[in-house]
file structure-v7.pdb (PDB, N, CA and C atoms)
ATOM      1  N   MET A   1       0.853  -1.167   0.000  1.00  0.00           N
ATOM      2  CA  MET A   1       0.000   0.000   0.000  1.00  0.00           C
ATOM      3  C   MET A   1       0.903   1.235   0.000  1.00  0.00           C
ATOM      4  N   LYS A   2       0.495   2.251  -0.752  1.00  0.00           N
ATOM      5  CA  LYS A   2       1.260   3.486  -0.816  1.00  0.00           C
ATOM      6  C   LYS A   2       0.510   4.598  -0.110  1.00  0.00           C
ATOM      7  N   GLY A   3       1.276   5.457   0.518  1.00  0.00           N
ATOM      8  CA  GLY A   3       0.688   6.597   1.187  1.00  0.00           C
ATOM      9  C   GLY A   3       1.506   7.842   0.933  1.00  0.00           C
ATOM     10  N   LYS A   4       0.895   8.974   1.215  1.00  0.00           N
ATOM     11  CA  LYS A   4       1.581  10.258   1.070  1.00  0.00           C
ATOM     12  C   LYS A   4       1.401  11.060   2.345  1.00  0.00           C
ATOM     13  N   VAL A   5       2.478  11.725   2.739  1.00  0.00           N
ATOM     14  CA  VAL A   5       2.423  12.673   3.834  1.00  0.00           C
ATOM     15  C   VAL A   5       2.825  14.017   3.243  1.00  0.00           C
ATOM     16  N   THR A   6       1.924  14.981   3.293  1.00  0.00           N
ATOM     17  CA  THR A   6       2.194  16.326   2.795  1.00  0.00           C
ATOM     18  C   THR A   6       2.427  17.229   3.989  1.00  0.00           C
ATOM     19  N   VAL A   7       3.578  17.893   3.996  1.00  0.00           N
ATOM     20  CA  VAL A   7       3.970  18.748   5.116  1.00  0.00           C
ATOM     21  C   VAL A   7       4.040  20.188   4.620  1.00  0.00           C
ATOM     22  N   ARG A   8       3.434  21.094   5.378  1.00  0.00           N
ATOM     23  CA  ARG A   8       3.444  22.522   5.027  1.00  0.00           C
ATOM     24  C   ARG A   8       3.745  23.336   6.272  1.00  0.00           C
ATOM     25  N   LEU A   9       4.310  24.529   6.052  1.00  0.00           N
ATOM     26  CA  LEU A   9       4.523  25.442   7.166  1.00  0.00           C
ATOM     27  C   LEU A   9       3.174  25.933   7.672  1.00  0.00           C
ATOM     28  N   LYS A  10       3.083  26.143   8.975  1.00  0.00           N
ATOM     29  CA  LYS A  10       1.856  26.682   9.552  1.00  0.00           C
ATOM     30  C   LYS A  10       1.661  28.113   9.083  1.00  0.00           C
ATOM     31  N   ALA A  11       0.410  28.549   9.074  1.00  0.00           N
ATOM     32  CA  ALA A  11       0.103  29.938   8.741  1.00  0.00           C
ATOM     33  C   ALA A  11       0.830  30.833   9.739  1.00  0.00           C
ATOM     34  N   GLY A  12       1.396  31.898   9.249  1.00  0.00           N
ATOM     35  CA  GLY A  12       2.111  32.824  10.115  1.00  0.00           C
ATOM     36  C   GLY A  12       3.602  32.557  10.221  1.00  0.00           C
ATOM     37  N   VAL A  13       4.040  31.380   9.783  1.00  0.00           N
ATOM     38  CA  VAL A  13       5.474  31.073   9.779  1.00  0.00           C
ATOM     39  C   VAL A  13       6.046  31.578   8.461  1.00  0.00           C
ATOM     40  N   LEU A  14       7.084  32.395   8.538  1.00  0.00           N
ATOM     41  CA  LEU A  14       7.694  32.969   7.344  1.00  0.00           C
ATOM     42  C   LEU A  14       8.281  31.861   6.468  1.00  0.00           C
ATOM     43  N   ASP A  15       7.890  31.857   5.203  1.00  0.00           N
ATOM     44  CA  ASP A  15       8.388  30.886   4.227  1.00  0.00           C
ATOM     45  C   ASP A  15       9.415  31.597   3.347  1.00  0.00           C
ATOM     46  N   VAL A  16      10.659  31.550   3.756  1.00  0.00           N
ATOM     47  CA  VAL A  16      11.734  32.249   3.045  1.00  0.00           C
ATOM     48  C   VAL A  16      11.895  31.698   1.636  1.00  0.00           C
ATOM     49  N   GLU A  17      11.851  30.395   1.493  1.00  0.00           N
ATOM     50  CA  GLU A  17      11.995  29.784   0.167  1.00  0.00           C
ATOM     51  C   GLU A  17      10.838  30.186  -0.742  1.00  0.00           C
ATOM     52  N   GLY A  18       9.634  30.213  -0.198  1.00  0.00           N
ATOM     53  CA  GLY A  18       8.472  30.637  -0.972  1.00  0.00           C
ATOM     54  C   GLY A  18       8.594  32.082  -1.436  1.00  0.00           C
ATOM     55  N   LYS A  19       9.094  32.957  -0.551  1.00  0.00           N
ATOM     56  CA  LYS A  19       9.284  34.364  -0.919  1.00  0.00           C
ATOM     57  C   LYS A  19      10.316  34.498  -2.041  1.00  0.00           C
ATOM     58  N   ALA A  20      11.390  33.712  -1.978  1.00  0.00           N
ATOM     59  CA  ALA A  20      12.414  33.759  -3.026  1.00  0.00           C
ATOM     60  C   ALA A  20      11.840  33.304  -4.362  1.00  0.00           C
ATOM     61  N   ILE A  21      11.032  32.258  -4.347  1.00  0.00           N
ATOM     62  CA  ILE A  21      10.401  31.762  -5.570  1.00  0.00           C
ATOM     63  C   ILE A  21       9.424  32.799  -6.112  1.00  0.00           C
ATOM     64  N   GLU A  22       8.671  33.419  -5.225  1.00  0.00           N
ATOM     65  CA  GLU A  22       7.723  34.459  -5.625  1.00  0.00           C
ATOM     66  C   GLU A  22       8.441  35.600  -6.358  1.00  0.00           C
ATOM     67  N   GLY A  23       9.577  36.033  -5.817  1.00  0.00           N
ATOM     68  CA  GLY A  23      10.363  37.090  -6.456  1.00  0.00           C
ATOM     69  C   GLY A  23      10.929  36.655  -7.790  1.00  0.00           C
ATOM     70  N   ALA A  24      11.414  35.427  -7.866  1.00  0.00           N
ATOM     71  CA  ALA A  24      11.973  34.910  -9.120  1.00  0.00           C
ATOM     72  C   ALA A  24      10.905  34.801 -10.203  1.00  0.00           C
ATOM     73  N   LEU A  25       9.709  34.385  -9.827  1.00  0.00           N
ATOM     74  CA  LEU A  25       8.622  34.294 -10.800  1.00  0.00           C
ATOM     75  C   LEU A  25       8.283  35.673 -11.368  1.00  0.00           C
ATOM     76  N   ALA A  26       8.269  36.679 -10.505  1.00  0.00           N
ATOM     77  CA  ALA A  26       7.991  38.042 -10.963  1.00  0.00           C
ATOM     78  C   ALA A  26       9.079  38.508 -11.937  1.00  0.00           C
ATOM     79  N   LYS A  27      10.328  38.203 -11.644  1.00  0.00           N
ATOM     80  CA  LYS A  27      11.433  38.586 -12.531  1.00  0.00           C
ATOM     81  C   LYS A  27      11.360  37.874 -13.874  1.00  0.00           C
ATOM     82  N   LEU A  28      10.769  36.696 -13.890  1.00  0.00           N
ATOM     83  CA  LEU A  28      10.611  35.939 -15.134  1.00  0.00           C
ATOM     84  C   LEU A  28       9.375  36.372 -15.924  1.00  0.00           C
ATOM     85  N   GLY A  29       8.640  37.344 -15.386  1.00  0.00           N
ATOM     86  CA  GLY A  29       7.489  37.868 -16.110  1.00  0.00           C
ATOM     87  C   GLY A  29       6.160  37.245 -15.748  1.00  0.00           C
ATOM     88  N   PHE A  30       6.136  36.418 -14.725  1.00  0.00           N
ATOM     89  CA  PHE A  30       4.869  35.820 -14.298  1.00  0.00           C
ATOM     90  C   PHE A  30       4.191  36.784 -13.328  1.00  0.00           C
ATOM     91  N   ASN A  31       3.456  37.722 -13.893  1.00  0.00           N
ATOM     92  CA  ASN A  31       2.792  38.740 -13.095  1.00  0.00           C
ATOM     93  C   ASN A  31       1.510  38.198 -12.488  1.00  0.00           C
ATOM     94  N   GLY A  32       1.115  38.774 -11.384  1.00  0.00           N
ATOM     95  CA  GLY A  32      -0.140  38.378 -10.756  1.00  0.00           C
ATOM     96  C   GLY A  32      -0.030  37.153  -9.870  1.00  0.00           C
ATOM     97  N   VAL A  33       1.187  36.703  -9.596  1.00  0.00           N
ATOM     98  CA  VAL A  33       1.355  35.547  -8.707  1.00  0.00           C
ATOM     99  C   VAL A  33       1.233  36.038  -7.270  1.00  0.00           C
ATOM    100  N   GLY A  34       0.366  35.413  -6.509  1.00  0.00           N
ATOM    101  CA  GLY A  34       0.202  35.771  -5.102  1.00  0.00           C
ATOM    102  C   GLY A  34       1.291  35.122  -4.267  1.00  0.00           C
ATOM    103  N   ALA A  35       0.985  34.914  -3.032  1.00  0.00           N
ATOM    104  CA  ALA A  35       1.947  34.305  -2.117  1.00  0.00           C
ATOM    105  C   ALA A  35       2.277  32.880  -2.562  1.00  0.00           C
ATOM    106  N   VAL A  36       3.545  32.540  -2.486  1.00  0.00           N
ATOM    107  CA  VAL A  36       4.009  31.184  -2.793  1.00  0.00           C
ATOM    108  C   VAL A  36       4.446  30.540  -1.483  1.00  0.00           C
ATOM    109  N   ARG A  37       3.951  29.353  -1.210  1.00  0.00           N
ATOM    110  CA  ARG A  37       4.343  28.594  -0.020  1.00  0.00           C
ATOM    111  C   ARG A  37       4.953  27.281  -0.494  1.00  0.00           C
ATOM    112  N   VAL A  38       6.003  26.861   0.152  1.00  0.00           N
ATOM    113  CA  VAL A  38       6.709  25.638  -0.215  1.00  0.00           C
ATOM    114  C   VAL A  38       6.400  24.561   0.818  1.00  0.00           C
ATOM    115  N   GLY A  39       6.238  23.341   0.367  1.00  0.00           N
ATOM    116  CA  GLY A  39       5.992  22.219   1.264  1.00  0.00           C
ATOM    117  C   GLY A  39       6.800  21.018   0.822  1.00  0.00           C
ATOM    118  N   LYS A  40       6.555  19.909   1.479  1.00  0.00           N
ATOM    119  CA  LYS A  40       7.241  18.659   1.163  1.00  0.00           C
ATOM    120  C   LYS A  40       6.198  17.554   1.025  1.00  0.00           C
ATOM    121  N   VAL A  41       6.450  16.628   0.126  1.00  0.00           N
ATOM    122  CA  VAL A  41       5.599  15.453  -0.017  1.00  0.00           C
ATOM    123  C   VAL A  41       6.470  14.216   0.134  1.00  0.00           C
ATOM    124  N   PHE A  42       6.087  13.358   1.055  1.00  0.00           N
ATOM    125  CA  PHE A  42       6.786  12.093   1.272  1.00  0.00           C
ATOM    126  C   PHE A  42       5.897  10.979   0.744  1.00  0.00           C
ATOM    127  N   GLU A  43       6.406  10.205  -0.194  1.00  0.00           N
ATOM    128  CA  GLU A  43       5.684   9.041  -0.701  1.00  0.00           C
ATOM    129  C   GLU A  43       6.276   7.814  -0.027  1.00  0.00           C
ATOM    130  N   VAL A  44       5.416   7.063   0.643  1.00  0.00           N
ATOM    131  CA  VAL A  44       5.880   5.948   1.460  1.00  0.00           C
ATOM    132  C   VAL A  44       5.178   4.675   1.005  1.00  0.00           C
ATOM    133  N   GLU A  45       5.955   3.646   0.741  1.00  0.00           N
ATOM    134  CA  GLU A  45       5.380   2.337   0.423  1.00  0.00           C
ATOM    135  C   GLU A  45       5.357   1.517   1.700  1.00  0.00           C
ATOM    136  N   LEU A  46       4.178   0.995   2.014  1.00  0.00           N
ATOM    137  CA  LEU A  46       3.976   0.251   3.252  1.00  0.00           C
ATOM    138  C   LEU A  46       3.613  -1.201   2.959  1.00  0.00           C
ATOM    139  N   ALA A  47       4.083  -2.092   3.807  1.00  0.00           N
ATOM    140  CA  ALA A  47       3.711  -3.501   3.693  1.00  0.00           C
ATOM    141  C   ALA A  47       2.304  -3.729   4.242  1.00  0.00           C
ATOM    142  N   GLU A  48       1.834  -2.795   5.035  1.00  0.00           N
ATOM    143  CA  GLU A  48       0.513  -2.896   5.668  1.00  0.00           C
ATOM    144  C   GLU A  48      -0.593  -2.980   4.608  1.00  0.00           C
ATOM    145  N   THR A  49      -1.568  -3.848   4.839  1.00  0.00           N
ATOM    146  CA  THR A  49      -2.687  -3.989   3.897  1.00  0.00           C
ATOM    147  C   THR A  49      -3.986  -3.404   4.436  1.00  0.00           C
ATOM    148  N   ASP A  50      -4.059  -3.187   5.742  1.00  0.00           N
ATOM    149  CA  ASP A  50      -5.251  -2.600   6.353  1.00  0.00           C
ATOM    150  C   ASP A  50      -5.163  -1.084   6.261  1.00  0.00           C
ATOM    151  N   PRO A  51      -6.124  -0.429   5.585  1.00  0.00           N
ATOM    152  CA  PRO A  51      -6.057   1.021   5.407  1.00  0.00           C
ATOM    153  C   PRO A  51      -5.982   1.814   6.714  1.00  0.00           C
ATOM    154  N   ALA A  52      -6.737   1.397   7.725  1.00  0.00           N
ATOM    155  CA  ALA A  52      -6.722   2.122   8.997  1.00  0.00           C
ATOM    156  C   ALA A  52      -5.351   2.023   9.659  1.00  0.00           C
ATOM    157  N   ALA A  53      -4.759   0.841   9.626  1.00  0.00           N
ATOM    158  CA  ALA A  53      -3.432   0.652  10.219  1.00  0.00           C
ATOM    159  C   ALA A  53      -2.370   1.407   9.421  1.00  0.00           C
ATOM    160  N   ALA A  54      -2.511   1.423   8.093  1.00  0.00           N
ATOM    161  CA  ALA A  54      -1.557   2.147   7.249  1.00  0.00           C
ATOM    162  C   ALA A  54      -1.624   3.641   7.540  1.00  0.00           C
ATOM    163  N   LYS A  55      -2.834   4.164   7.660  1.00  0.00           N
ATOM    164  CA  LYS A  55      -2.995   5.591   7.953  1.00  0.00           C
ATOM    165  C   LYS A  55      -2.440   5.927   9.333  1.00  0.00           C
ATOM    166  N   ALA A  56      -2.651   5.048  10.289  1.00  0.00           N
ATOM    167  CA  ALA A  56      -2.111   5.252  11.641  1.00  0.00           C
ATOM    168  C   ALA A  56      -0.580   5.236  11.615  1.00  0.00           C
ATOM    169  N   ALA A  57       0.004   4.351  10.832  1.00  0.00           N
ATOM    170  CA  ALA A  57       1.461   4.285  10.725  1.00  0.00           C
ATOM    171  C   ALA A  57       2.019   5.552  10.083  1.00  0.00           C
ATOM    172  N   LEU A  58       1.378   6.023   9.019  1.00  0.00           N
ATOM    173  CA  LEU A  58       1.821   7.253   8.367  1.00  0.00           C
ATOM    174  C   LEU A  58       1.716   8.451   9.308  1.00  0.00           C
ATOM    175  N   THR A  59       0.645   8.499  10.083  1.00  0.00           N
ATOM    176  CA  THR A  59       0.473   9.582  11.047  1.00  0.00           C
ATOM    177  C   THR A  59       1.569   9.546  12.100  1.00  0.00           C
ATOM    178  N   ALA A  60       1.899   8.369  12.579  1.00  0.00           N
ATOM    179  CA  ALA A  60       2.978   8.224  13.561  1.00  0.00           C
ATOM    180  C   ALA A  60       4.318   8.643  12.964  1.00  0.00           C
ATOM    181  N   MET A  61       4.558   8.296  11.702  1.00  0.00           N
ATOM    182  CA  MET A  61       5.793   8.701  11.027  1.00  0.00           C
ATOM    183  C   MET A  61       5.875  10.221  10.924  1.00  0.00           C
ATOM    184  N   ALA A  62       4.757  10.833  10.563  1.00  0.00           N
ATOM    185  CA  ALA A  62       4.725  12.285  10.415  1.00  0.00           C
ATOM    186  C   ALA A  62       4.972  12.972  11.754  1.00  0.00           C
ATOM    187  N   LYS A  63       4.321  12.497  12.801  1.00  0.00           N
ATOM    188  CA  LYS A  63       4.485  13.092  14.125  1.00  0.00           C
ATOM    189  C   LYS A  63       5.882  12.859  14.687  1.00  0.00           C
ATOM    190  N   GLY A  64       6.452  11.694  14.382  1.00  0.00           N
ATOM    191  CA  GLY A  64       7.735  11.338  14.963  1.00  0.00           C
ATOM    192  C   GLY A  64       8.955  11.853  14.226  1.00  0.00           C
ATOM    193  N   LEU A  65       8.832  12.082  12.899  1.00  0.00           N
ATOM    194  CA  LEU A  65      10.024  12.422  12.126  1.00  0.00           C
ATOM    195  C   LEU A  65       9.778  13.387  10.973  1.00  0.00           C
ATOM    196  N   LEU A  66       8.735  13.182  10.207  1.00  0.00           N
ATOM    197  CA  LEU A  66       8.583  13.892   8.938  1.00  0.00           C
ATOM    198  C   LEU A  66       8.162  15.352   9.078  1.00  0.00           C
ATOM    199  N   ALA A  67       7.456  15.696  10.132  1.00  0.00           N
ATOM    200  CA  ALA A  67       6.986  17.072  10.324  1.00  0.00           C
ATOM    201  C   ALA A  67       7.463  17.610  11.667  1.00  0.00           C
ATOM    202  N   ASN A  68       7.745  18.894  11.693  1.00  0.00           N
ATOM    203  CA  ASN A  68       8.094  19.585  12.930  1.00  0.00           C
ATOM    204  C   ASN A  68       6.805  20.220  13.449  1.00  0.00           C
ATOM    205  N   PRO A  69       6.226  19.673  14.506  1.00  0.00           N
ATOM    206  CA  PRO A  69       4.912  20.151  14.959  1.00  0.00           C
ATOM    207  C   PRO A  69       4.902  21.599  15.435  1.00  0.00           C
ATOM    208  N   VAL A  70       6.047  22.167  15.735  1.00  0.00           N
ATOM    209  CA  VAL A  70       6.109  23.559  16.161  1.00  0.00           C
ATOM    210  C   VAL A  70       5.845  24.487  14.980  1.00  0.00           C
ATOM    211  N   MET A  71       6.366  24.125  13.801  1.00  0.00           N
ATOM    212  CA  MET A  71       6.303  25.007  12.633  1.00  0.00           C
ATOM    213  C   MET A  71       5.457  24.481  11.490  1.00  0.00           C
ATOM    214  N   GLU A  72       5.122  23.197  11.505  1.00  0.00           N
ATOM    215  CA  GLU A  72       4.505  22.581  10.329  1.00  0.00           C
ATOM    216  C   GLU A  72       3.224  21.835  10.673  1.00  0.00           C
ATOM    217  N   THR A  73       2.365  21.728   9.661  1.00  0.00           N
ATOM    218  CA  THR A  73       1.194  20.863   9.725  1.00  0.00           C
ATOM    219  C   THR A  73       1.404  19.751   8.708  1.00  0.00           C
ATOM    220  N   PHE A  74       0.610  18.702   8.809  1.00  0.00           N
ATOM    221  CA  PHE A  74       0.737  17.617   7.837  1.00  0.00           C
ATOM    222  C   PHE A  74      -0.616  17.013   7.530  1.00  0.00           C
ATOM    223  N   GLU A  75      -0.688  16.411   6.342  1.00  0.00           N
ATOM    224  CA  GLU A  75      -1.876  15.650   5.924  1.00  0.00           C
ATOM    225  C   GLU A  75      -1.408  14.273   5.496  1.00  0.00           C
ATOM    226  N   VAL A  76      -2.185  13.275   5.825  1.00  0.00           N
ATOM    227  CA  VAL A  76      -1.869  11.897   5.471  1.00  0.00           C
ATOM    228  C   VAL A  76      -2.936  11.394   4.513  1.00  0.00           C
ATOM    229  N   ALA A  77      -2.520  10.717   3.447  1.00  0.00           N
ATOM    230  CA  ALA A  77      -3.485  10.164   2.488  1.00  0.00           C
ATOM    231  C   ALA A  77      -2.963   8.841   1.961  1.00  0.00           C
ATOM    232  N   LEU A  78      -3.877   7.940   1.690  1.00  0.00           N
ATOM    233  CA  LEU A  78      -3.534   6.670   1.060  1.00  0.00           C
ATOM    234  C   LEU A  78      -3.852   6.762  -0.409  1.00  0.00           C
ATOM    235  N   GLU A  79      -2.988   6.188  -1.225  1.00  0.00           N
ATOM    236  CA  GLU A  79      -3.227   6.187  -2.670  1.00  0.00           C
ATOM    237  C   GLU A  79      -4.125   5.010  -3.017  1.00  0.00           C
ATOM    238  N   PRO A  80      -5.076   5.240  -3.907  1.00  0.00           N
ATOM    239  CA  PRO A  80      -5.966   4.141  -4.310  1.00  0.00           C
ATOM    240  C   PRO A  80      -5.190   3.037  -5.036  1.00  0.00           C
ATOM    241  N   GLY A  81      -5.672   1.843  -4.879  1.00  0.00           N
ATOM    242  CA  GLY A  81      -5.031   0.728  -5.588  1.00  0.00           C
ATOM    243  C   GLY A  81      -4.395  -0.156  -4.688  1.00  0.00           C
TER     244      GLY A  81
END
call {"tool": "encode", "arguments": {"input": "structure-v7.pdb", "output": "structure tokens"}}
result
Amino acid sequence: MKGKVTVRLKAGVLDVEGKAIEGALAKLGFNGVGAVRVGKVFEVELAETDPAAAKAALTAMAKGLLANPVMETFEVALEPG
């Protein structure tokens, strides 16, 4: 079973990388671009076959290692199939 953990900075946390990308896009002529926020996506292949257990494992991974709970939020999703 495959899952995804999407990690993003919390609202109010300055996204320096996003600001740099926003400025670069403007310099390249992409006008009208609003705020750019950068995140991370972790694709994880699991041996688990039970969807509830797989989601619980992904959540534990996110809380334990993949996301910094002080600065980041995360979403867990299972891929169909």
call {"tool": "residues_around", "arguments": {"input": "structure-v7.pdb", "residues": "Leu46 of chain A", "least_positions_apart": "3", "cutoff": "7 Å", "atoms": "all atoms listed in the file", "output": "list of chain:residue names"}}
result
A:Met1, A:Lys2, A:Gly3, A:Thr49
call {"tool": "write_last_selection", "arguments": {"input": "structure-v7.pdb", "atoms": "N, CA and C atoms", "output": "PDB file, in the frame of the given file"}}
result
ATOM      1  N   MET A   1       0.853  -1.167   0.000  1.00  0.00           N
ATOM      2  CA  MET A   1       0.000   0.000   0.000  1.00  0.00           C
ATOM      3  C   MET A   1       0.903   1.235   0.000  1.00  0.00           C
ATOM      4  N   LYS A   2       0.495   2.251  -0.752  1.00  0.00           N
ATOM      5  CA  LYS A   2       1.260   3.486  -0.816  1.00  0.00           C
ATOM      6  C   LYS A   2       0.510   4.598  -0.110  1.00  0.00           C
ATOM      7  N   GLY A   3       1.276   5.457   0.518  1.00  0.00           N
ATOM      8  CA  GLY A   3       0.688   6.597   1.187  1.00  0.00           C
ATOM      9  C   GLY A   3       1.506   7.842   0.933  1.00  0.00           C
ATOM     10  N   THR A  49      -1.568  -3.848   4.839  1.00  0.00           N
ATOM     11  CA  THR A  49      -2.687  -3.989   3.897  1.00  0.00           C
ATOM     12  C   THR A  49      -3.986  -3.404   4.436  1.00  0.00           C
TER      13      THR A  49
END
call {"tool": "resolve_selection", "arguments": {"input": "structure-v7.pdb", "expression": "the PyMOL selection byres ((chain A and resi 35) around 7)", "output": "NGL selection string"}}
result
:A and (18 or 22 or 33-34 or 36-37)
call {"tool": "residues_around", "arguments": {"input": "structure-v7.pdb", "residues": "Val7 of chain A", "least_positions_apart": "6", "cutoff": "7 Å", "atoms": "only N, CA and C atoms", "output": "list of chain:residue names"}}
result
A:Val38, A:Gly39, A:Lys40, A:Val41, A:Phe42, A:Leu66, A:Ala67, A:Glu72, A:Thr73, A:Phe74, A:Glu75
call {"tool": "closest_residue", "arguments": {"input": "structure-v7.pdb", "among": "A:Val76, A:Met71, A:Val44, A:Val16", "to": "Thr59 of chain A", "atoms": "all atoms listed in the file"}}
result
A:Val76
call {"tool": "select_by_dssp", "arguments": {"input": "structure-v7.pdb", "residues": "segment 14-50 of chain A", "states": "helix (DSSP H, G or I)", "output": "PyMOL selection string"}}
result
chain A and resi 16-27
call {"tool": "write_last_selection", "arguments": {"input": "structure-v7.pdb", "atoms": "N, CA and C atoms", "output": "PDB file, in the frame of the given file"}}
result
ATOM      1  N   VAL A  16      10.659  31.550   3.756  1.00  0.00           N
ATOM      2  CA  VAL A  16      11.734  32.249   3.045  1.00  0.00           C
ATOM      3  C   VAL A  16      11.895  31.698   1.636  1.00  0.00           C
ATOM      4  N   GLU A  17      11.851  30.395   1.493  1.00  0.00           N
ATOM      5  CA  GLU A  17      11.995  29.784   0.167  1.00  0.00           C
ATOM      6  C   GLU A  17      10.838  30.186  -0.742  1.00  0.00           C
ATOM      7  N   GLY A  18       9.634  30.213  -0.198  1.00  0.00           N
ATOM      8  CA  GLY A  18       8.472  30.637  -0.972  1.00  0.00           C
ATOM      9  C   GLY A  18       8.594  32.082  -1.436  1.00  0.00           C
ATOM     10  N   LYS A  19       9.094  32.957  -0.551  1.00  0.00           N
ATOM     11  CA  LYS A  19       9.284  34.364  -0.919  1.00  0.00           C
ATOM     12  C   LYS A  19      10.316  34.498  -2.041  1.00  0.00           C
ATOM     13  N   ALA A  20      11.390  33.712  -1.978  1.00  0.00           N
ATOM     14  CA  ALA A  20      12.414  33.759  -3.026  1.00  0.00           C
ATOM     15  C   ALA A  20      11.840  33.304  -4.362  1.00  0.00           C
ATOM     16  N   ILE A  21      11.032  32.258  -4.347  1.00  0.00           N
ATOM     17  CA  ILE A  21      10.401  31.762  -5.570  1.00  0.00           C
ATOM     18  C   ILE A  21       9.424  32.799  -6.112  1.00  0.00           C
ATOM     19  N   GLU A  22       8.671  33.419  -5.225  1.00  0.00           N
ATOM     20  CA  GLU A  22       7.723  34.459  -5.625  1.00  0.00           C
ATOM     21  C   GLU A  22       8.441  35.600  -6.358  1.00  0.00           C
ATOM     22  N   GLY A  23       9.577  36.033  -5.817  1.00  0.00           N
ATOM     23  CA  GLY A  23      10.363  37.090  -6.456  1.00  0.00           C
ATOM     24  C   GLY A  23      10.929  36.655  -7.790  1.00  0.00           C
ATOM     25  N   ALA A  24      11.414  35.427  -7.866  1.00  0.00           N
ATOM     26  CA  ALA A  24      11.973  34.910  -9.120  1.00  0.00           C
ATOM     27  C   ALA A  24      10.905  34.801 -10.203  1.00  0.00           C
ATOM     28  N   LEU A  25       9.709  34.385  -9.827  1.00  0.00           N
ATOM     29  CA  LEU A  25       8.622  34.294 -10.800  1.00  0.00           C
ATOM     30  C   LEU A  25       8.283  35.673 -11.368  1.00  0.00           C
ATOM     31  N   ALA A  26       8.269  36.679 -10.505  1.00  0.00           N
ATOM     32  CA  ALA A  26       7.991  38.042 -10.963  1.00  0.00           C
ATOM     33  C   ALA A  26       9.079  38.508 -11.937  1.00  0.00           C
ATOM     34  N   LYS A  27      10.328  38.203 -11.644  1.00  0.00           N
ATOM     35  CA  LYS A  27      11.433  38.586 -12.531  1.00  0.00           C
ATOM     36  C   LYS A  27      11.360  37.874 -13.874  1.00  0.00           C
TER      37      LYS A  27
END
call {"tool": "atom_distance", "arguments": {"input": "structure-v7.pdb", "atom1": "atom N of Pro80 of chain A", "atom2": "atom N of Lys4 of chain A"}}
result
8.7 Å
call {"tool": "atom_distance", "arguments": {"input": "structure-v7.pdb", "atom1": "atom CA of Glu79 of chain A", "atom2": "atom CA of Lys10 of chain A"}}
result
24.4 Å
call {"tool": "select_by_dssp", "arguments": {"input": "structure-v7.pdb", "residues": "segment 36-71 of chain A", "states": "strand (DSSP E or B)", "output": "VMD selection string"}}
result
chain A and resid 39 to 45
call {"tool": "atom_distance", "arguments": {"input": "structure-v7.pdb", "atom1": "atom CA of Glu43 of chain A", "atom2": "atom CA of Gly64 of chain A"}}
result
16.0 Å
call {"tool": "closest_residue", "arguments": {"input": "structure-v7.pdb", "among": "A:Leu28, A:Ile21, A:Leu78, A:Val70", "to": "Val5 of chain A", "atoms": "only C-alpha atoms"}}
result
A:Leu78
call {"tool": "closest_residue", "arguments": {"input": "structure-v7.pdb", "among": "A:Ala77, A:Pro69, A:Glu17, A:Gly32", "to": "Ala56 of chain A", "atoms": "only C-alpha atoms"}}
result
A:Ala77
